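Engineer: Handing over run-v9.cif, mmCIF, C-alpha atoms.
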```cif
data_protein
#
loop_
_atom_site.group_PDB
_atom_site.id
_atom_site.type_symbol
_atom_site.label_atom_id
_atom_site.label_comp_id
_atom_site.auth_asym_id
_atom_site.auth_seq_id
_atom_site.Cartn_x
_atom_site.Cartn_y
_atom_site.Cartn_z
ATOM 1 C CA MET G 619 -33.866 72.104 -4.432
ATOM 2 C CA ASN G 620 -37.176 72.380 -2.551
ATOM 3 C CA HIS G 621 -38.011 70.427 0.602
ATOM 4 C CA THR G 622 -39.982 67.738 -1.291
ATOM 5 C CA SER G 623 -37.228 67.195 -3.846
ATOM 6 C CA ARG G 624 -34.669 66.904 -1.025
ATOM 7 C CA ARG G 625 -36.764 64.187 0.662
ATOM 8 C CA GLN G 626 -37.074 62.293 -2.632
ATOM 9 C CA ALA G 627 -33.316 62.511 -3.265
ATOM 10 C CA LEU G 628 -32.543 61.236 0.225
ATOM 11 C CA ALA G 629 -35.007 58.386 -0.222
ATOM 12 C CA LEU G 630 -33.359 57.445 -3.523
ATOM 13 C CA LEU G 631 -29.899 57.497 -1.953
ATOM 14 C CA GLY G 632 -31.171 55.292 0.878
ATOM 15 C CA ALA G 633 -32.609 52.788 -1.584
ATOM 16 C CA LEU G 634 -29.339 52.693 -3.528
ATOM 17 C CA ALA G 635 -27.351 52.141 -0.343
ATOM 18 C CA ALA G 636 -29.650 49.321 0.704
ATOM 19 C CA SER G 637 -29.388 47.625 -2.673
ATOM 20 C CA SER G 638 -25.575 47.900 -2.693
ATOM 21 C CA ALA G 639 -25.506 46.155 0.686
ATOM 22 C CA LEU G 640 -27.419 43.131 -0.577
ATOM 23 C CA PRO G 641 -24.389 41.046 -1.669
ATOM 24 C CA THR G 642 -22.798 41.500 1.761
ATOM 25 C CA ALA G 643 -26.038 40.532 3.442
ATOM 26 C CA ALA G 644 -26.299 37.451 1.235
ATOM 27 C CA GLN G 645 -22.752 36.499 2.115
ATOM 28 C CA THR G 646 -23.199 36.864 5.861
ATOM 29 C CA SER G 647 -26.482 34.920 5.813
ATOM 30 C CA PHE G 648 -24.872 31.872 4.163
ATOM 31 C CA PRO G 649 -25.459 29.126 5.121
ATOM 32 C CA SER G 650 -29.091 29.265 6.134
ATOM 33 C CA LYS G 651 -29.730 25.517 5.761
ATOM 34 C CA PRO G 652 -27.734 22.243 5.985
ATOM 35 C CA ILE G 653 -24.821 21.681 3.590
ATOM 36 C CA ARG G 654 -24.427 18.334 1.803
ATOM 37 C CA LEU G 655 -20.861 17.039 1.622
ATOM 38 C CA ILE G 656 -20.669 14.241 -0.939
ATOM 39 C CA VAL G 657 -17.962 11.631 -0.381
ATOM 40 C CA PRO G 658 -17.682 9.811 -3.743
ATOM 41 C CA HIS G 659 -16.244 6.667 -2.172
ATOM 42 C CA ALA G 660 -17.440 3.954 0.201
ATOM 43 C CA PRO G 661 -17.252 4.494 3.979
ATOM 44 C CA GLY G 662 -13.993 3.797 5.759
ATOM 45 C CA GLY G 663 -11.334 5.267 3.476
ATOM 46 C CA ASN G 664 -9.307 8.468 3.766
ATOM 47 C CA SER G 665 -11.909 10.551 1.911
ATOM 48 C CA ASP G 666 -14.729 9.354 4.120
ATOM 49 C CA THR G 667 -12.905 9.787 7.431
ATOM 50 C CA PHE G 668 -11.624 13.197 6.374
ATOM 51 C CA GLY G 669 -15.099 14.237 5.232
ATOM 52 C CA ARG G 670 -16.685 13.274 8.545
ATOM 53 C CA ILE G 671 -14.077 15.115 10.602
ATOM 54 C CA LEU G 672 -14.481 18.227 8.440
ATOM 55 C CA ALA G 673 -18.285 18.015 8.502
ATOM 56 C CA GLN G 674 -18.392 17.854 12.296
ATOM 57 C CA LYS G 675 -15.962 20.711 12.911
ATOM 58 C CA LEU G 676 -17.286 22.921 10.085
ATOM 59 C CA GLY G 677 -20.844 22.417 11.289
ATOM 60 C CA GLU G 678 -19.826 23.580 14.764
ATOM 61 C CA ARG G 679 -18.117 26.647 13.315
ATOM 62 C CA LEU G 680 -21.034 27.610 11.055
ATOM 63 C CA ASN G 681 -23.703 26.659 13.586
ATOM 64 C CA GLN G 682 -25.302 24.745 10.729
ATOM 65 C CA GLN G 683 -25.458 21.023 9.992
ATOM 66 C CA VAL G 684 -23.037 19.580 7.399
ATOM 67 C CA VAL G 685 -24.336 16.190 6.248
ATOM 68 C CA VAL G 686 -21.993 13.586 4.749
ATOM 69 C CA GLU G 687 -23.409 11.421 1.956
ATOM 70 C CA ASN G 688 -21.449 8.505 0.494
ATOM 71 C CA ARG G 689 -22.056 8.162 -3.253
ATOM 72 C CA PRO G 690 -19.466 5.601 -4.427
ATOM 73 C CA GLY G 691 -19.035 4.203 -7.911
ATOM 74 C CA ALA G 692 -16.637 4.179 -10.874
ATOM 75 C CA GLY G 693 -13.622 5.315 -8.904
ATOM 76 C CA GLY G 694 -15.449 8.249 -7.343
ATOM 77 C CA THR G 695 -16.685 9.684 -10.630
ATOM 78 C CA VAL G 696 -20.368 8.913 -9.955
ATOM 79 C CA GLY G 697 -20.541 11.089 -6.845
ATOM 80 C CA SER G 698 -18.399 13.774 -8.455
ATOM 81 C CA ALA G 699 -20.715 13.922 -11.482
ATOM 82 C CA LEU G 700 -23.709 14.302 -9.165
ATOM 83 C CA VAL G 701 -22.153 17.387 -7.574
ATOM 84 C CA SER G 702 -21.151 18.879 -10.932
ATOM 85 C CA LYS G 703 -24.851 18.943 -11.908
ATOM 86 C CA SER G 704 -26.248 20.152 -8.588
ATOM 87 C CA SER G 705 -27.640 23.600 -7.809
ATOM 88 C CA PRO G 706 -24.879 26.254 -7.781
ATOM 89 C CA ASP G 707 -25.830 27.702 -4.403
ATOM 90 C CA GLY G 708 -22.963 26.402 -2.282
ATOM 91 C CA TYR G 709 -25.086 23.859 -0.419
ATOM 92 C CA THR G 710 -23.685 20.779 -2.223
ATOM 93 C CA LEU G 711 -19.956 20.093 -2.121
ATOM 94 C CA VAL G 712 -17.708 17.130 -2.882
ATOM 95 C CA VAL G 713 -14.546 15.706 -1.335
ATOM 96 C CA ALA G 714 -12.506 15.524 -4.530
ATOM 97 C CA ASP G 715 -9.159 13.760 -4.862
ATOM 98 C CA ASN G 716 -6.438 13.246 -7.431
ATOM 99 C CA GLY G 717 -8.202 10.095 -8.581
ATOM 100 C CA THR G 718 -11.514 11.795 -9.372
ATOM 101 C CA HIS G 719 -10.057 15.028 -10.732
ATOM 102 C CA ALA G 720 -6.508 14.390 -11.988
ATOM 103 C CA ILE G 721 -6.456 10.746 -13.084
ATOM 104 C CA ALA G 722 -10.070 10.336 -14.258
ATOM 105 C CA PRO G 723 -9.937 12.805 -17.196
ATOM 106 C CA THR G 724 -7.393 10.639 -19.024
ATOM 107 C CA LEU G 725 -8.449 7.261 -17.633
ATOM 108 C CA TYR G 726 -12.116 7.676 -18.621
ATOM 109 C CA GLY G 727 -11.627 10.053 -21.551
ATOM 110 C CA THR G 728 -14.876 10.884 -23.322
ATOM 111 C CA LYS G 729 -16.789 8.578 -20.957
ATOM 112 C CA LEU G 730 -16.226 10.962 -18.051
ATOM 113 C CA ALA G 731 -19.443 12.813 -17.272
ATOM 114 C CA TYR G 732 -17.738 16.055 -16.282
ATOM 115 C CA ASP G 733 -14.931 18.455 -17.149
ATOM 116 C CA VAL G 734 -12.781 18.997 -14.070
ATOM 117 C CA PHE G 735 -12.098 22.632 -14.978
ATOM 118 C CA LYS G 736 -15.463 23.759 -16.364
ATOM 119 C CA ASP G 737 -17.925 21.782 -14.245
ATOM 120 C CA PHE G 738 -16.687 22.629 -10.731
ATOM 121 C CA THR G 739 -16.013 25.626 -8.546
ATOM 122 C CA PRO G 740 -12.709 25.106 -6.720
ATOM 123 C CA ILE G 741 -13.006 25.841 -2.996
ATOM 124 C CA THR G 742 -9.747 24.663 -1.400
ATOM 125 C CA LEU G 743 -6.944 22.129 -1.621
ATOM 126 C CA ALA G 744 -7.670 20.737 1.825
ATOM 127 C CA ALA G 745 -4.876 18.287 2.605
ATOM 128 C CA THR G 746 -2.164 16.094 1.163
ATOM 129 C CA PHE G 747 -0.989 12.686 2.258
ATOM 130 C CA PRO G 748 2.269 10.938 1.421
ATOM 131 C CA THR G 749 2.504 7.627 -0.347
ATOM 132 C CA VAL G 750 5.079 4.976 0.441
ATOM 133 C CA ILE G 751 6.187 2.092 -1.754
ATOM 134 C CA ILE G 752 6.581 -1.018 0.379
ATOM 135 C CA MET G 753 8.079 -4.417 -0.367
ATOM 136 C CA HIS G 754 7.876 -7.947 0.999
ATOM 137 C CA PRO G 755 10.707 -8.834 3.391
ATOM 138 C CA SER G 756 11.798 -11.657 1.081
ATOM 139 C CA VAL G 757 12.995 -9.126 -1.535
ATOM 140 C CA PRO G 758 16.830 -9.218 -1.429
ATOM 141 C CA ALA G 759 17.246 -5.441 -1.534
ATOM 142 C CA GLN G 760 17.786 -3.122 1.411
ATOM 143 C CA ASN G 761 17.405 0.232 -0.303
ATOM 144 C CA VAL G 762 16.304 1.932 -3.504
ATOM 145 C CA LYS G 763 19.654 1.558 -5.265
ATOM 146 C CA GLU G 764 19.726 -2.190 -4.599
ATOM 147 C CA PHE G 765 16.091 -2.608 -5.642
ATOM 148 C CA VAL G 766 16.625 -0.820 -8.958
ATOM 149 C CA ALA G 767 19.688 -2.992 -9.646
ATOM 150 C CA LEU G 768 17.682 -6.125 -8.782
ATOM 151 C CA ALA G 769 14.773 -5.153 -11.043
ATOM 152 C CA LYS G 770 17.127 -4.418 -13.925
ATOM 153 C CA SER G 771 18.871 -7.777 -13.476
ATOM 154 C CA GLN G 772 15.522 -9.638 -13.522
ATOM 155 C CA PRO G 773 13.315 -7.861 -16.089
ATOM 156 C CA GLY G 774 9.689 -8.931 -15.912
ATOM 157 C CA LYS G 775 10.096 -11.098 -12.792
ATOM 158 C CA LEU G 776 9.178 -8.719 -9.972
ATOM 159 C CA THR G 777 5.465 -8.093 -9.425
ATOM 160 C CA TYR G 778 3.472 -5.340 -7.747
ATOM 161 C CA SER G 779 -0.113 -5.133 -6.583
ATOM 162 C CA SER G 780 -2.576 -2.252 -6.816
ATOM 163 C CA ALA G 781 -6.146 -1.417 -5.897
ATOM 164 C CA GLY G 782 -7.068 -1.651 -9.579
ATOM 165 C CA THR G 783 -5.905 -0.651 -13.035
ATOM 166 C CA GLY G 784 -5.608 3.123 -13.263
ATOM 167 C CA ASN G 785 -5.834 3.522 -9.497
ATOM 168 C CA GLY G 786 -3.362 5.870 -7.810
ATOM 169 C CA SER G 787 -1.586 2.885 -6.253
ATOM 170 C CA HIS G 788 -1.005 1.493 -9.742
ATOM 171 C CA LEU G 789 0.119 4.767 -11.284
ATOM 172 C CA THR G 790 2.482 5.668 -8.443
ATOM 173 C CA VAL G 791 4.525 2.551 -9.171
ATOM 174 C CA GLU G 792 4.297 3.418 -12.866
ATOM 175 C CA LEU G 793 5.830 6.833 -12.100
ATOM 176 C CA PHE G 794 8.587 5.085 -10.126
ATOM 177 C CA ARG G 795 9.263 2.558 -12.893
ATOM 178 C CA ALA G 796 9.588 5.309 -15.494
ATOM 179 C CA ALA G 797 11.725 7.598 -13.327
ATOM 180 C CA ALA G 798 14.062 4.720 -12.441
ATOM 181 C CA GLY G 799 14.870 4.096 -16.088
ATOM 182 C CA GLY G 800 11.957 1.999 -17.294
ATOM 183 C CA LEU G 801 12.037 -0.930 -14.881
ATOM 184 C CA GLU G 802 10.214 -3.983 -16.231
ATOM 185 C CA MET G 803 7.810 -5.269 -13.556
ATOM 186 C CA VAL G 804 4.460 -7.033 -13.740
ATOM 187 C CA HIS G 805 1.330 -5.249 -12.512
ATOM 188 C CA VAL G 806 -1.210 -7.391 -10.635
ATOM 189 C CA PRO G 807 -4.454 -5.445 -10.084
ATOM 190 C CA TYR G 808 -6.884 -6.325 -7.277
ATOM 191 C CA LYS G 809 -10.402 -5.144 -6.510
ATOM 192 C CA GLY G 810 -9.564 -2.643 -3.808
ATOM 193 C CA GLY G 811 -6.732 -1.551 -1.573
ATOM 194 C CA ALA G 812 -7.235 -4.143 1.170
ATOM 195 C CA PRO G 813 -6.796 -7.222 -1.071
ATOM 196 C CA ALA G 814 -3.806 -5.544 -2.754
ATOM 197 C CA VAL G 815 -2.089 -5.167 0.626
ATOM 198 C CA GLN G 816 -3.051 -8.696 1.656
ATOM 199 C CA ALA G 817 -1.431 -10.019 -1.518
ATOM 200 C CA LEU G 818 1.807 -8.288 -0.550
ATOM 201 C CA LEU G 819 1.662 -9.556 3.031
ATOM 202 C CA ALA G 820 1.136 -13.102 1.732
ATOM 203 C CA GLY G 821 4.128 -12.797 -0.592
ATOM 204 C CA GLU G 822 2.020 -13.177 -3.730
ATOM 205 C CA VAL G 823 3.655 -9.975 -5.051
ATOM 206 C CA GLN G 824 6.871 -8.204 -4.116
ATOM 207 C CA LEU G 825 5.832 -4.558 -4.127
ATOM 208 C CA SER G 826 2.890 -2.212 -3.537
ATOM 209 C CA SER G 827 2.140 1.480 -3.099
ATOM 210 C CA VAL G 828 -0.091 2.662 -0.250
ATOM 211 C CA SER G 829 -0.698 5.681 1.963
ATOM 212 C CA VAL G 830 1.672 6.011 4.894
ATOM 213 C CA ASN G 831 -1.061 5.487 7.497
ATOM 214 C CA THR G 832 -2.087 2.218 5.811
ATOM 215 C CA ALA G 833 1.502 0.997 5.682
ATOM 216 C CA MET G 834 2.530 1.973 9.210
ATOM 217 C CA PRO G 835 1.103 -1.007 11.181
ATOM 218 C CA HIS G 836 2.640 -3.500 8.751
ATOM 219 C CA ILE G 837 6.006 -1.716 8.765
ATOM 220 C CA LEU G 838 6.088 -1.601 12.573
ATOM 221 C CA ALA G 839 5.167 -5.296 12.746
ATOM 222 C CA GLY G 840 8.031 -6.158 10.381
ATOM 223 C CA LYS G 841 5.667 -7.643 7.807
ATOM 224 C CA VAL G 842 6.835 -5.257 5.052
ATOM 225 C CA ARG G 843 9.767 -2.933 4.475
ATOM 226 C CA ALA G 844 9.538 0.649 3.255
ATOM 227 C CA LEU G 845 11.386 1.141 -0.012
ATOM 228 C CA GLY G 846 10.869 4.915 -0.196
ATOM 229 C CA ILE G 847 8.494 7.833 0.223
ATOM 230 C CA ALA G 848 6.877 8.632 -3.118
ATOM 231 C CA SER G 849 6.234 12.252 -2.213
ATOM 232 C CA ALA G 850 8.003 15.586 -2.352
ATOM 233 C CA LYS G 851 9.260 15.405 1.225
ATOM 234 C CA ARG G 852 9.745 12.873 4.004
ATOM 235 C CA SER G 853 6.792 11.801 6.095
ATOM 236 C CA PRO G 854 6.745 12.817 9.783
ATOM 237 C CA ALA G 855 5.343 9.344 10.477
ATOM 238 C CA LEU G 856 8.368 7.683 8.827
ATOM 239 C CA PRO G 857 11.149 10.228 9.317
ATOM 240 C CA ASP G 858 13.946 7.701 8.687
ATOM 241 C CA VAL G 859 12.622 6.628 5.287
ATOM 242 C CA PRO G 860 14.135 8.749 2.478
ATOM 243 C CA THR G 861 12.171 9.974 -0.489
ATOM 244 C CA PHE G 862 12.859 8.625 -3.955
ATOM 245 C CA VAL G 863 13.962 12.132 -4.941
ATOM 246 C CA GLU G 864 16.737 11.912 -2.342
ATOM 247 C CA ASN G 865 17.914 8.799 -4.180
ATOM 248 C CA GLY G 866 17.985 10.608 -7.507
ATOM 249 C CA ILE G 867 14.707 9.152 -8.793
ATOM 250 C CA LEU G 868 12.711 12.241 -9.640
ATOM 251 C CA PHE G 869 8.978 11.786 -9.286
ATOM 252 C CA ASP G 870 6.222 12.870 -6.911
ATOM 253 C CA GLY G 871 3.265 10.631 -6.144
ATOM 254 C CA ASP G 872 1.624 12.882 -3.543
ATOM 255 C CA SER G 873 -2.092 12.325 -3.069
ATOM 256 C CA TRP G 874 -4.513 15.046 -2.048
ATOM 257 C CA LEU G 875 -8.050 15.803 -0.950
ATOM 258 C CA ALA G 876 -9.922 18.948 -1.980
ATOM 259 C CA ILE G 877 -13.321 20.559 -1.606
ATOM 260 C CA MET G 878 -15.211 21.550 -4.745
ATOM 261 C CA GLY G 879 -18.712 22.596 -5.667
ATOM 262 C CA PRO G 880 -20.740 22.794 -8.866
ATOM 263 C CA PRO G 881 -19.944 25.510 -11.425
ATOM 264 C CA ALA G 882 -21.178 29.090 -11.070
ATOM 265 C CA ILE G 883 -21.338 29.260 -7.259
ATOM 266 C CA PRO G 884 -21.591 33.001 -6.466
ATOM 267 C CA ALA G 885 -18.149 34.449 -5.797
ATOM 268 C CA ASP G 886 -19.043 35.700 -2.320
ATOM 269 C CA VAL G 887 -20.404 32.294 -1.283
ATOM 270 C CA ALA G 888 -17.351 30.462 -2.667
ATOM 271 C CA ALA G 889 -15.073 32.924 -0.864
ATOM 272 C CA LYS G 890 -16.909 32.384 2.417
ATOM 273 C CA LEU G 891 -16.722 28.600 2.012
ATOM 274 C CA ASN G 892 -12.985 28.851 1.388
ATOM 275 C CA GLN G 893 -12.525 31.082 4.428
ATOM 276 C CA GLU G 894 -14.605 28.944 6.804
ATOM 277 C CA ILE G 895 -13.268 25.571 5.636
ATOM 278 C CA ALA G 896 -9.676 26.819 5.809
ATOM 279 C CA ALA G 897 -10.234 28.149 9.329
ATOM 280 C CA THR G 898 -11.800 24.834 10.344
ATOM 281 C CA LEU G 899 -8.911 22.808 8.941
ATOM 282 C CA ARG G 900 -6.362 24.998 10.721
ATOM 283 C CA GLN G 901 -7.913 24.453 14.131
ATOM 284 C CA PRO G 902 -5.339 22.560 16.259
ATOM 285 C CA GLU G 903 -7.801 19.790 17.148
ATOM 286 C CA THR G 904 -8.726 19.271 13.481
ATOM 287 C CA GLN G 905 -5.078 19.204 12.425
ATOM 288 C CA GLU G 906 -4.242 16.679 15.153
ATOM 289 C CA ARG G 907 -7.077 14.363 14.147
ATOM 290 C CA LEU G 908 -6.105 14.552 10.480
ATOM 291 C CA ALA G 909 -2.418 14.030 11.301
ATOM 292 C CA ARG G 910 -3.335 10.693 12.871
ATOM 293 C CA LEU G 911 -4.619 9.710 9.406
ATOM 294 C CA GLY G 912 -1.352 10.831 7.825
ATOM 295 C CA LEU G 913 -3.019 13.937 6.368
ATOM 296 C CA GLU G 914 -1.204 17.278 6.288
ATOM 297 C CA VAL G 915 -3.485 20.313 6.168
ATOM 298 C CA VAL G 916 -2.955 22.731 3.273
ATOM 299 C CA ALA G 917 -6.155 24.843 3.236
ATOM 300 C CA SER G 918 -5.166 26.693 0.055
ATOM 301 C CA PRO G 919 -6.858 29.694 -1.546
ATOM 302 C CA GLN G 920 -9.175 28.854 -4.429
ATOM 303 C CA ALA G 921 -6.532 29.715 -7.035
ATOM 304 C CA GLY G 922 -4.110 27.325 -5.353
ATOM 305 C CA LEU G 923 -6.412 24.382 -6.047
ATOM 306 C CA THR G 924 -6.731 25.396 -9.704
ATOM 307 C CA GLU G 925 -2.928 25.449 -10.042
ATOM 308 C CA VAL G 926 -2.622 21.964 -8.538
ATOM 309 C CA LEU G 927 -5.316 20.660 -10.887
ATOM 310 C CA GLN G 928 -3.543 22.043 -13.928
ATOM 311 C CA ARG G 929 -0.271 20.448 -12.857
ATOM 312 C CA ASP G 930 -1.660 17.084 -11.798
ATOM 313 C CA VAL G 931 -4.029 16.480 -14.716
ATOM 314 C CA ALA G 932 -0.942 16.630 -16.926
ATOM 315 C CA LYS G 933 1.261 14.557 -14.595
ATOM 316 C CA TRP G 934 -1.204 11.753 -13.892
ATOM 317 C CA GLY G 935 -2.535 11.859 -17.442
ATOM 318 C CA LYS G 936 0.923 11.021 -18.749
ATOM 319 C CA ALA G 937 1.185 8.167 -16.227
ATOM 320 C CA VAL G 938 -2.156 6.771 -17.415
ATOM 321 C CA LYS G 939 -1.096 6.922 -21.070
ATOM 322 C CA ASP G 940 2.329 5.412 -20.387
ATOM 323 C CA SER G 941 0.768 2.549 -18.413
ATOM 324 C CA GLY G 942 -1.843 1.802 -21.089
ATOM 325 C CA ALA G 943 -4.555 1.796 -18.407
ATOM 326 C CA VAL G 944 -8.184 2.201 -19.466
ATOM 327 C CA ALA G 945 -11.305 2.441 -17.320
ATOM 328 C CA GLU G 946 -12.862 -0.942 -16.632
#
```
The structure given in the file should be rewritten as structure tokens.
Structural biologist:
Amino acid sequence: MNHTSRRQALALLGALAASSALPTAAQTSFPSKPIRLIVPHAPGGNSDTFGRILAQKLGERLNQQVVVENRPGAGGTVGSALVSKSSPDGYTLVVADNGTHAIAPTLYGTKLAYDVFKDFTPITLAATFPTVIIMHPSVPAQNVKEFVALAKSQPGKLTYSSAGTGNGSHLTVELFRAAAGGLEMVHVPYKGGAPAVQALLAGEVQLSSVSVNTAMPHILAGKVRALGIASAKRSPALPDVPTFVENGILFDGDSWLAIMGPPAIPADVAAKLNQEIAATLRQPETQERLARLGLEVVASPQAGLTEVLQRDVAKWGKAVKDSGAVAE
């Protein structure tokens, strides 16, 4: 090889090396502009508070602004649909939950504007939070066994409130009813979680299902009693309250929050988002702030979120069908 040919070969090798480094360069340069984090619910709830905590801490970690946008409507499906159709560059994400991505496919059926498996890139299962079924103090039952016996002795007389037909609070009690042998109780839907809890406090209904952090003040004040934790394990906030599983009633009503993006986000960008969000969630300060909301950090790999989706779409879908709920 002559001197000129050697120079040309070296130049070609240099060009190939530079081109092979491009994906890594693209990965390390992300993000180069603000990230939109869509919260598909109104301000004030678990999704919103979680989203704002994550946005602040993630923004500090990335040295890039993460902007929270509330896009409520149709049980969170409006904001979720917006993200499913956004640019697949990793700059638009959504705080998904079991309502928008596990219940909605069956509840809305063909009316749902997205496919939870095809129209999103899973980033991470961020956190879970336990649900507790609470009852009015006037209910003459001190534990799960007594409540089940009472409900069976008075079919159709006990009532329970929810935040709306097909809402997680409705379906959690439906899971309990089925697992306890098909208890006959009357569902009373309200327009939102707050009025559903107020109905229970006023004694208009006997039972309701809420997140542990929502129930805690009312339990501590003696205004309601905890019947049982509707999750896989006991809640650190209510360590003396047994799970329904411990009482032989086998169901799991765990709720969760996840981060997802539109389909076809480049693999390196999705991987970096998973890595950075997981690291943010595992920071002690972040975990402490979320724990005060009753949230337990998971920060799963991407595949872990897919597995949960596959399991929960089936679980909650069956609950929707068994309850007869349809989207309003």
Engineer: Work out how far apart CA of Leu891 in chain G and CA of Lys675 in chain G are and give it in Å to one decimal.
Structural biologist: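 If I compute the distance from CA of Leu891 in chain G to CA of Lys675 in chain G, I get 13.5 Å.
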Engineer: Contacts of range 819-821 of chain G at 10 Å or less, counting only C-alpha atoms, minus same-chain residues fewer than 4 places along, as a list in words?
Structural biologist: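 Residues near the query, excluding close chain neighbours: Met753, His754, Pro755, Ser756, Val757, Pro813, Ala814, Val815, Leu825, Ser826, His836, Lys841 and Val842 of chain G.
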Engineer: List the neighbours of range 916-929 of chain G out to 12 Å using only C-alpha atoms; skip same-chain residues closer than 3 positions along the sequence, and give me the result as a ChimeraX atom specification.
Structural biologist: /G:672,714-723,733-736,738-747,870,872-879,885,888-901,904-905,908-909,913,932-936
Engineer: From the options G:Asn865, G:Asn688, G:Gln682, G:Ser779, which residue's atoms come nearest to Tyr808 in chain G, counting all atoms listed in the file?
Structural biologist: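 Smallest separation from Tyr808 in chain G among the options: G:Ser779.
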Engineer: In Å, with one decimal, what is the gap from CA of Ser704 in chain G to CA of Pro881 in chain G?
Structural biologist: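 Spanning CA of Ser704 in chain G to CA of Pro881 in chain G is a straight-line distance of 8.7 Å.
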Engineer: With the file shown as input, list the residues that the PyMOL selection byres ((chain G and resi 677) around 12) selects, as a ChimeraX atom specification.
Structural biologist: /G:649-655,669-676,678-686,891,894-895,898
Engineer: Expressed in Å to a single decimal, how great is the separation between CA of Arg843 in chain G and CA of Ile752 in chain G?
Structural biologist: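 Here the two named atoms are 5.5 Å from each other.
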Engineer: Which is closest to His805 in chain G among G:Thr667, G:Ser941, G:Ser705, G:Thr695, if we use all atoms listed in the file?
Structural biologist: G:Ser941
Engineer: If I put a ball of radius 12 Å at (10.4, -9.7, -11.4) in the file's coordinates, which residues poke into it when counting all atoms listed in the file, written as a ChimeraX atom specification?
Structural biologist: /G:757-758,765-778,801-806,822-825
Engineer: Could the residues of range 827-910 of chain G that have an atom at most 12 Å from range 784-791 of chain G be listed as JSON lines, each with its closest atom pair and the distance in Å to one decimal, counting all atoms listed in the file and ordered by chain and ascending residue number?
Structural biologist:
```
{"residue": "G:Ser827", "atom": "CA", "partner": "G:Ser787", "partner_atom": "CA", "distance": 5.1}
{"residue": "G:Val828", "atom": "CA", "partner": "G:Ser787", "partner_atom": "CA", "distance": 6.2}
{"residue": "G:Ser829", "atom": "CA", "partner": "G:Ser787", "partner_atom": "CA", "distance": 8.7}
{"residue": "G:Leu845", "atom": "CA", "partner": "G:Val791", "partner_atom": "CA", "distance": 11.5}
{"residue": "G:Gly846", "atom": "CA", "partner": "G:Val791", "partner_atom": "CA", "distance": 11.2}
{"residue": "G:Ile847", "atom": "CA", "partner": "G:Thr790", "partner_atom": "CA", "distance": 10.8}
{"residue": "G:Ala848", "atom": "CA", "partner": "G:Thr790", "partner_atom": "CA", "distance": 7.5}
{"residue": "G:Ser849", "atom": "CA", "partner": "G:Thr790", "partner_atom": "CA", "distance": 9.8}
{"residue": "G:Phe862", "atom": "CA", "partner": "G:Val791", "partner_atom": "CA", "distance": 11.6}
{"residue": "G:Phe869", "atom": "CA", "partner": "G:Thr790", "partner_atom": "CA", "distance": 9.0}
{"residue": "G:Asp870", "atom": "CA", "partner": "G:Thr790", "partner_atom": "CA", "distance": 8.3}
{"residue": "G:Gly871", "atom": "CA", "partner": "G:Thr790", "partner_atom": "CA", "distance": 5.5}
{"residue": "G:Asp872", "atom": "CA", "partner": "G:Thr790", "partner_atom": "CA", "distance": 8.8}
{"residue": "G:Ser873", "atom": "CA", "partner": "G:Gly786", "partner_atom": "CA", "distance": 8.1}
{"residue": "G:Trp874", "atom": "CA", "partner": "G:Gly786", "partner_atom": "CA", "distance": 10.9}
```
Engineer: In terms of the shortest atom-to-atom distance over all atoms listed in the file, which of G:Val915, G:Ala844, G:Ile656, G:Ala855 is closest to Ala759 in chain G?
Structural biologist: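 Closest to Ala759 in chain G of all the choices is G:Ala844.
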Engineer: Name the closest residue to Val696 in chain G among the candidates G:Gly811, G:Pro658, G:Gly708, G:Pro880; distances are taken between atoms, counting only C-alpha atoms.
Structural biologist: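 The closest residue to Val696 in chain G is G:Pro658.
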Engineer: Given the choices G:Leu725, G:Gly912, G:Ala731, G:Glu764, which gets closest to Leu700 in chain G if the distance is worked out from all atoms listed in the file?
Structural biologist: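 Looking at the shortest contact to Leu700 in chain G, the residue is G:Ala731.
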Engineer: Would you please work out which residue, of G:Arg907, G:Lys809, G:His659, G:Arg852, is nearest to Gly782 in chain G when using only C-alpha atoms?
Structural biologist: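 Looking only at the distances to Gly782 in chain G, the closest residue turns out to be G:Lys809.
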Engineer: Just say which residues the PyMOL selection byres ((chain G and resi 945) around 6) picks in this file, as a list of chain:residue names.
Structural biologist: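 With the PyMOL selection byres ((chain G and resi 945) around 6) on this model, the match is G:Leu725, G:Tyr726, G:Val944, G:Glu946.
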Engineer: The centre and edge lengths of an axis-aligned box containing all atoms of range 659-669 of chain G present in the file, extended by 6 Å on each side, are to be given in Å to one decimal, as AutoDock Vina command-line options.
Structural biologist:
```
--center_x -13.4 --center_y 9.0 --center_z 2.6 --size_x 20.1 --size_y 22.4 --size_z 21.6
```
